[in-house]
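Raw contents of protein_16.txt, compact mmCIF, C-alpha atoms:
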```txt
# COMPACT_ATOMS: atom_id res chain seq x y z
CA MET A 1 1.11 3.01 11.81
CA THR A 2 4.40 2.13 10.10
CA ALA A 3 4.60 -0.18 7.08
CA TYR A 4 6.15 -2.85 9.31
CA GLU A 5 3.35 -2.61 11.87
CA LEU A 6 0.75 -2.72 9.10
CA MET A 7 2.43 -5.78 7.56
CA ILE A 8 2.49 -7.68 10.85
CA LYS A 9 -1.05 -6.68 11.84
CA THR A 10 -2.47 -7.62 8.42
CA ASN A 11 -0.67 -10.96 8.37
CA HIS A 12 -1.89 -11.85 11.85
CA HIS A 13 -5.45 -10.84 10.97
CA LEU A 14 -5.47 -13.05 7.88
CA ILE A 15 -3.83 -16.03 9.60
CA LYS A 16 -6.53 -15.91 12.28
CA GLY A 17 -9.17 -16.09 9.55
CA GLY A 18 -10.10 -12.43 9.47
CA GLU A 19 -11.59 -10.82 6.39
CA LEU A 20 -11.07 -7.39 4.86
CA THR A 21 -13.40 -5.18 2.85
CA GLU A 22 -12.33 -3.91 -0.56
CA PRO A 23 -11.82 -0.35 0.79
CA GLN A 24 -9.60 -1.80 3.55
CA LYS A 25 -7.53 -3.69 0.99
CA GLU A 26 -7.19 -0.59 -1.18
CA ASN A 27 -6.06 1.42 1.84
CA ILE A 28 -3.43 -1.19 2.75
CA VAL A 29 -2.14 -1.25 -0.83
CA ARG A 30 -1.99 2.54 -0.92
CA GLN A 31 -0.02 2.68 2.33
CA PHE A 32 2.45 0.05 1.17
CA LEU A 33 3.01 1.68 -2.21
CA ASN A 34 3.60 5.02 -0.49
CA ALA A 35 6.15 3.35 1.80
CA ARG A 36 8.52 2.27 -0.99
CA SER A 37 12.12 3.16 -0.25
CA ASP A 38 13.66 6.06 -2.14
CA ASP A 39 17.07 5.97 -3.82
CA ARG A 40 18.85 7.68 -0.94
CA THR A 41 17.52 5.14 1.56
CA LYS A 42 18.62 2.29 -0.70
CA GLN A 43 22.09 3.75 -1.22
CA ASN A 44 22.58 4.23 2.53
CA PHE A 45 21.42 0.68 3.18
CA TYR A 46 23.62 -0.91 0.50
CA LYS A 47 26.58 1.11 1.76
CA GLY A 48 25.86 -0.09 5.30
CA VAL A 49 25.83 -3.74 4.30
CA LYS A 50 28.87 -3.16 2.04
CA TYR A 51 27.06 -4.40 -1.04
CA THR A 52 27.90 -3.14 -4.52
CA ASN A 53 26.98 -3.81 -8.16
CA ASN A 54 23.37 -4.33 -7.14
CA ILE A 55 21.67 -2.82 -10.22
CA ASP A 56 21.64 -4.72 -13.52
CA SER A 57 21.53 -3.29 -17.04
CA GLU A 58 17.72 -3.19 -16.96
CA GLY A 59 17.64 -1.21 -13.73
CA ASP A 60 16.60 -4.15 -11.56
CA VAL A 61 18.19 -4.94 -8.20
CA THR A 62 20.06 -8.23 -8.12
CA GLY A 63 21.46 -10.35 -5.33
CA MET A 64 20.92 -10.62 -1.61
CA TYR A 65 19.10 -7.47 -0.54
CA PRO A 66 15.75 -5.77 -1.25
CA GLY A 67 15.08 -3.59 -4.25
CA TYR A 68 11.83 -1.92 -3.23
CA TYR A 69 11.41 -1.99 0.56
CA ILE A 70 14.32 -1.33 2.91
CA PRO A 71 13.48 -1.73 6.61
CA PRO A 72 13.78 1.61 8.43
CA TYR A 73 16.59 2.02 10.93
CA ASN A 74 15.46 0.59 14.25
CA GLY A 75 18.18 1.61 16.67
CA GLY A 76 20.36 -1.27 15.52
CA LYS A 77 17.69 -3.87 16.25
CA LYS A 78 16.33 -6.15 13.53
CA TYR A 79 12.56 -6.45 13.03
CA GLN A 80 10.90 -9.72 14.02
CA THR A 81 9.31 -11.98 11.43
CA VAL A 82 5.56 -12.71 11.14
CA ILE A 83 5.96 -15.90 13.16
CA PRO A 84 8.28 -14.34 15.71
CA MET A 85 11.95 -14.90 15.10
CA SER A 86 14.59 -12.26 15.81
CA PRO A 87 16.97 -12.03 12.84
CA LYS A 88 20.65 -11.40 13.43
CA THR A 89 21.52 -10.49 9.83
CA HIS A 90 20.26 -8.04 7.22
CA ILE A 91 19.81 -10.94 4.80
CA PHE A 92 17.08 -12.37 7.00
CA SER A 93 15.55 -9.18 8.40
CA ALA A 94 15.55 -7.05 5.23
CA ASN A 95 14.20 -9.83 3.03
CA SER A 96 11.51 -10.61 5.59
CA TYR A 97 10.41 -6.96 5.53
CA GLU A 98 10.31 -6.71 1.75
CA LEU A 99 8.92 -10.12 0.80
CA GLU A 100 6.09 -10.00 3.34
CA ILE A 101 4.99 -6.57 2.11
CA ILE A 102 5.14 -7.54 -1.56
CA ARG A 103 3.28 -10.77 -0.82
CA LEU A 104 0.38 -8.75 0.62
CA LEU A 105 0.46 -6.34 -2.31
CA HIS A 106 0.10 -9.27 -4.70
CA ILE A 107 -2.78 -10.74 -2.67
CA PHE A 108 -4.73 -7.47 -2.61
CA ALA A 109 -3.84 -5.91 -5.97
CA PRO A 110 -2.41 -8.56 -8.35
CA ASN A 111 -3.48 -6.62 -11.46
CA ASP A 112 -2.08 -3.24 -10.43
CA SER A 113 0.66 -2.29 -12.90
CA ILE A 114 3.06 -1.11 -10.19
CA VAL A 115 2.51 -4.25 -8.12
CA LYS A 116 3.05 -6.42 -11.19
CA ASP A 117 6.35 -4.72 -11.88
CA ILE A 118 7.44 -5.09 -8.25
CA ARG A 119 6.57 -8.80 -8.35
CA ARG A 120 8.47 -9.28 -11.61
CA GLY A 121 11.58 -7.53 -10.31
CA THR A 122 11.49 -9.42 -7.03
CA LEU A 123 11.17 -12.83 -8.67
CA LYS A 124 14.06 -11.91 -10.97
CA ARG A 125 16.21 -10.99 -7.96
CA LEU A 126 15.33 -14.14 -6.05
CA LYS A 127 16.16 -16.38 -9.01
CA PHE A 128 19.83 -15.48 -8.49
CA ALA A 129 19.94 -14.99 -4.70
CA CYS A 130 21.85 -17.78 -2.98
CA PHE A 131 19.45 -18.02 -0.03
CA ALA A 132 16.54 -18.54 -2.45
CA ASN A 133 18.32 -21.53 -3.92
CA ASP A 134 20.92 -23.92 -2.44
CA CYS A 135 22.74 -21.95 0.28
CA ILE A 136 22.23 -23.09 3.89
CA ALA A 137 24.90 -20.98 5.60
CA GLY A 138 23.69 -19.11 8.66
CA GLU A 139 20.51 -17.15 8.11
CA CYS A 140 20.50 -17.85 4.39
CA PHE A 141 18.78 -21.05 5.48
CA HIS A 142 16.17 -19.16 7.52
CA SER A 143 15.59 -16.81 4.60
CA SER A 144 14.67 -19.79 2.42
CA LEU A 145 11.36 -19.95 4.27
CA LEU A 146 10.61 -16.33 3.42
CA VAL A 147 11.04 -17.21 -0.24
CA LEU A 148 8.91 -20.34 0.07
CA ARG A 149 6.04 -18.37 1.61
CA PHE A 150 6.38 -15.66 -1.02
CA LEU A 151 6.31 -18.14 -3.91
CA ALA A 152 3.25 -19.88 -2.44
CA VAL A 153 1.23 -16.75 -3.28
CA ALA A 154 3.22 -14.77 -5.83
CA ALA A 155 4.42 -17.63 -8.06
CA PRO A 156 2.68 -20.95 -7.25
CA GLU A 157 3.40 -22.06 -10.81
CA GLU A 158 7.12 -22.31 -9.90
CA ILE A 159 6.68 -25.95 -8.90
CA ILE A 160 10.30 -27.05 -9.39
CA TRP A 161 11.62 -24.08 -7.41
CA ILE A 162 9.12 -24.67 -4.60
CA ASN A 163 9.88 -28.39 -4.42
CA ASN A 164 13.62 -27.69 -4.34
CA LEU A 165 13.12 -25.33 -1.40
CA ILE A 166 10.98 -27.88 0.43
CA LYS A 167 13.69 -30.51 -0.07
CA LYS A 168 16.38 -28.09 1.10
CA ILE A 169 14.40 -27.15 4.21
CA ASN A 170 13.57 -30.75 5.10
CA THR A 171 17.17 -31.82 4.68
CA ASN A 172 18.57 -29.11 6.92
CA ILE A 173 15.90 -27.92 9.35
CA GLY A 174 17.09 -30.16 12.17
CA GLU A 175 20.79 -29.56 11.68
CA LYS A 176 22.72 -27.93 14.51
CA HIS A 177 26.11 -27.36 12.86
CA LYS A 178 27.77 -23.99 13.27
CA ASN A 179 26.67 -22.61 9.89
CA ASN A 180 23.01 -23.34 10.43
CA LYS A 181 21.86 -22.94 14.03
CA CYS A 182 18.09 -23.01 13.63
CA HIS A 183 15.86 -20.71 15.65
CA GLY A 184 13.14 -22.81 17.32
CA ASN A 185 10.32 -20.93 15.62
CA ILE A 186 11.65 -21.85 12.19
CA TYR A 187 9.55 -25.02 12.51
CA TRP A 188 6.47 -22.86 13.09
CA TYR A 189 7.30 -20.68 10.09
CA TYR A 190 7.66 -23.77 7.90
CA ARG A 191 4.20 -24.90 8.98
CA LEU A 192 2.91 -21.45 8.10
CA CYS A 193 4.25 -22.07 4.59
CA LEU A 194 2.57 -25.48 4.47
CA SER A 195 -0.75 -23.89 5.43
CA GLU A 196 -0.55 -21.63 2.34
CA LEU A 197 1.20 -23.60 -0.40
CA PRO A 198 -0.89 -25.24 -3.16
CA PHE A 199 -2.29 -28.34 -1.49
CA GLU A 200 -0.81 -30.73 -4.03
CA LEU A 201 2.66 -29.48 -3.04
CA ALA A 202 2.01 -29.37 0.71
CA GLU A 203 -0.13 -32.47 1.30
CA SER A 204 2.64 -35.03 1.81
CA GLU A 205 4.50 -32.66 4.15
CA ILE A 206 1.38 -31.96 6.23
CA ILE A 207 0.71 -35.70 6.50
CA ARG A 208 4.32 -36.27 7.55
CA CYS A 209 4.07 -33.77 10.43
CA ARG A 210 0.39 -34.47 11.25
CA ASP A 211 1.13 -35.92 14.70
CA GLN A 212 3.30 -32.92 15.58
CA LEU A 213 0.54 -30.55 14.49
CA ILE A 214 -2.04 -32.41 16.58
CA GLY A 215 0.29 -32.45 19.58
CA ALA A 216 1.02 -28.73 19.31
CA LEU A 217 -2.68 -27.82 18.96
CA SER A 218 -3.60 -30.05 21.89
CA ARG A 219 -1.18 -28.29 24.25
CA SER A 220 -2.15 -25.12 26.06
CA SER A 221 -0.07 -21.95 25.93
CA VAL A 222 0.70 -19.30 28.52
CA MET A 223 -0.76 -15.84 28.05
CA ASN A 224 1.35 -13.95 30.54
CA SER A 225 2.86 -11.16 28.47
CA GLU A 226 1.60 -8.86 25.74
CA ASN A 227 3.73 -10.78 23.26
CA ASP A 228 2.07 -14.03 24.36
CA LYS A 229 -1.36 -12.48 23.85
CA ILE A 230 -0.43 -11.31 20.34
CA ASN A 231 1.58 -14.25 19.05
CA HIS A 232 0.16 -17.41 20.64
CA PRO A 233 -3.35 -17.10 19.12
CA VAL A 234 -1.72 -16.48 15.72
CA MET A 235 0.47 -19.55 16.04
CA SER A 236 -2.46 -21.65 17.17
CA CYS A 237 -4.53 -20.51 14.19
CA MET A 238 -1.62 -21.20 11.86
CA LEU A 239 -1.47 -24.80 13.13
CA ARG A 240 -5.24 -25.05 12.67
CA ASN A 241 -4.98 -23.75 9.11
CA CYS A 242 -2.31 -26.32 8.32
CA LEU A 243 -3.97 -29.37 9.87
CA SER A 244 -7.48 -28.53 8.64
CA ARG A 245 -6.30 -28.88 5.05
CA LEU A 246 -6.47 -32.64 5.59
CA PRO A 247 -10.05 -33.86 4.99
CA GLU A 248 -10.25 -35.71 8.30
CA TYR A 249 -9.52 -32.48 10.22
CA GLU A 250 -11.59 -30.07 8.16
CA PHE A 251 -14.00 -29.83 11.10
CA ILE A 252 -11.57 -27.53 12.97
CA LYS A 253 -11.24 -25.08 10.08
CA LYS A 254 -13.43 -22.34 11.59
CA ARG A 255 -12.59 -22.94 15.24
CA MET A 256 -10.75 -20.34 17.27
CA PRO A 257 -8.43 -20.79 20.25
CA TYR A 258 -9.83 -19.60 23.56
CA VAL A 259 -8.52 -18.49 26.93
CA SER A 260 -9.68 -20.59 29.89
CA GLU A 261 -11.21 -18.69 32.78
CA LYS A 262 -9.74 -21.29 35.16
CA ASP A 263 -6.05 -20.89 34.46
CA GLY A 264 -5.77 -18.07 31.92
CA ARG A 265 -4.04 -20.30 29.39
CA LEU A 266 -4.81 -20.54 25.66
CA TYR A 267 -6.49 -23.74 24.45
CA PHE A 268 -7.75 -25.17 21.17
CA ASP A 269 -10.66 -27.62 21.07
CA MET A 270 -9.73 -30.68 19.03
CA THR A 271 -12.90 -32.61 19.88
CA PRO A 272 -14.60 -34.00 16.72
CA ASN A 273 -18.06 -32.70 15.93
```
Kindly transcribe the structure held in the file into structure tokens.
Amino acid sequence: MTAYELMIKTNHHLIKGGELTEPQKENIVRQFLNARSDDRTKQNFYKGVKYTNNIDSEGDVTGMYPGYYIPPYNGGKKYQTVIPMSPKTHIFSANSYELEIIRLLHIFAPNDSIVKDIRRGTLKRLKFACFANDCIAGECFHSSLLVLRFLAVAAPEEIIWINNLIKKINTNIGEKHKNNKCHGNIYWYYRLCLSELPFELAESEIIRCRDQLIGALSRSSVMNSENDKINHPVMSCMLRNCLSRLPEYEFIKKRMPYVSEKDGRLYFDMTPN
């Protein structure tokens, strides 16, 4: 299993409410640490994206692109995100690959010295990356959500930064101008972030989109393809995780979507206990 496949599989497992044993967590951490990109891979990547001056005086990577995990060449295709979007740029795809891996490393091994150093270097890079701050051009806007999800776990104390990203996303998520054509699933990814942010930062946003969450959970989904069978249960559980943070919907917290024998579609039971 590649590091990308492991990252996606682990994310989906956790979003659906799955648990992992300590040996399983240690194995995941070991695989991710072994998958760090070497200097040659980084140099080839930075040359390919025509990016220079990416190492500061302390040896840390700065700017737009990853410093620890470079996505392997995939025949020219970009890797999909956890909630499936198909990036068109390296800014979106490469940062998705790195930030999602480092996020899991921090969840499973926050006190590991190597993981701590990776987290420190990554936060330092993001502090100065345009997409992690005010930029909304193209997929810099999409990449903002990667940063928001990362901060929710790796730096929840960064309240001002998180709130600024939430404001930026809310202001621009519905825009259709040429510099910011939003992929439809960006709304789903934002709700994934809301399901994981500290509740005091996410509560007002969840309340604001409560009716949309209820509507989405109340609709059935097709299960025709292998991608449907993988992604639709994950997206349904993500919506459940988000809505069940509100006290009046806590009763759905442990419920799972199910496939109807009648029509083969995926449903979620919203009936109160």
(message) Let me make sure I understand: among A:Asp263, A:Asp134, A:Glu157, A:Glu203, which one has the smallest atom-to-atom distance to Val222 (chain A) if we use only C-alpha atoms?
(response)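 Going through A:Asp263, A:Asp134, A:Glu157, A:Glu203 one by one, the smallest distance to Val222 (chain A) is for A:Asp263.
Compared by their closest atoms to Arg240 (chain A), and using all atoms listed in the file, the residues A:Leu33, A:Met256, A:Ile91, A:Ala155 rank with A:Met256 nearest.
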How close does region 190-216 of chain A get to region 74-84 of chain A? List, as JSON lines, each residue of region 190-216 of chain A within 12 Å, its nearest atom pair and the distance in Å to one decimal, counting only C-alpha atoms.
```
{"residue": "A:Tyr190", "atom": "CA", "partner": "A:Ile83", "partner_atom": "CA", "distance": 9.6}
{"residue": "A:Arg191", "atom": "CA", "partner": "A:Ile83", "partner_atom": "CA", "distance": 10.1}
{"residue": "A:Leu192", "atom": "CA", "partner": "A:Ile83", "partner_atom": "CA", "distance": 8.1}
{"residue": "A:Cys193", "atom": "CA", "partner": "A:Ile83", "partner_atom": "CA", "distance": 10.7}
```
(message) What does the structure give for the distance between CA of Asp117 (chain A) and CA of Leu14 (chain A), in Å to one decimal?
(response)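 These two atoms are separated by 24.5 Å.
Within the 8 Å cut-off around His12 (chain A), using all atoms listed in the file and omitting residues fewer than 3 positions from it on the same chain, the listed residues are Ile8, Lys9, Ile15, Lys16, Val82 and Val234 of chain A.
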(request) Name the closest residue to Leu151 (chain A) among the candidates A:Pro110, A:Gly48, A:Gly138, A:Pro198; distances are taken between atoms, counting all atoms listed in the file. (result) A:Pro198
(message) I'd like to know which of A:Ser244, A:Asn231, A:Thr171, A:Ser96 is closest to Tyr4 (chain A), using only C-alpha atoms.
(response) A:Ser96
(request) Record the distance separating CA of Tyr73 (chain A) and CA of Ile230 (chain A), expressed in Å with one decimal. (result) 23.6 Å
(message) Given the point (-9.8, -29.7, 15.0) in the file's coordinates, find the residues that have an atom at most 10 Å from it, counting only C-alpha atoms, and give them as a PyMOL selection string.
(response) chain A and resi 214+217-218+239-241+243-244+248-256+268-273
(request) Would you please work out which residue, of A:Glu205, A:Tyr68, A:Ala152, A:Ile107, is nearest to Thr122 (chain A) when using only C-alpha atoms? (result) A:Tyr68
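Restricting the calculation to only C-alpha atoms, the smallest distance between Thr89 (chain A) and any of A:Phe141, A:Asn227, A:Leu105, A:Tyr69 is found for A:Phe141.
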(message) Using Å and a single decimal, report how far CA of His13 (chain A) sits from CA of Phe32 (chain A).
(response)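 These two atoms are separated by 16.6 Å.
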Would you compute an axis-aligned box for region 133-149 of chain A, covering every atom listed for it in the file with 3 Å of margin on each side, and report centre and edge lengths in Å to one decimal as JSON?
```
{"center_x": 15.5, "center_y": -20.1, "center_z": 2.4, "size_x": 24.9, "size_y": 13.6, "size_z": 18.6}
```
Quick one: everything within 8 Å of Leu197 (chain A), counting all atoms listed in the file, minus sequence neighbours fewer than 5 positions away in the same chain. Send it as a JSON list (two decimals) with C-alpha atoms, in the frame of the given file.
```json
[["chain", "number", "residue", "atom", "x", "y", "z"],
["A", 149, "ARG", "CA", 6.04, -18.37, 1.61],
["A", 152, "ALA", "CA", 3.25, -19.88, -2.44],
["A", 153, "VAL", "CA", 1.23, -16.75, -3.28],
["A", 156, "PRO", "CA", 2.68, -20.95, -7.25],
["A", 202, "ALA", "CA", 2.01, -29.37, 0.71]]
```
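Residues within 12 Å of Asn170 (chain A), counting only C-alpha atoms and excluding same-chain residues fewer than 5 positions away, are A:Ile136, A:Phe141, A:Ser144, A:Leu145, A:Asn163, A:Asn164, A:Leu165, A:Glu175, A:Ile186, A:Tyr187, A:Tyr190, A:Arg191, A:Glu205, A:Arg208, A:Cys209.
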(request) Using only C-alpha atoms, determine which residues lie at most 12 Å from Leu20 (chain A), disregarding the query and same-chain residues fewer than 5 positions distant; provide the list as a PyMOL selection string. (result) chain A and resi 10-11+13-14+25-28+107-108
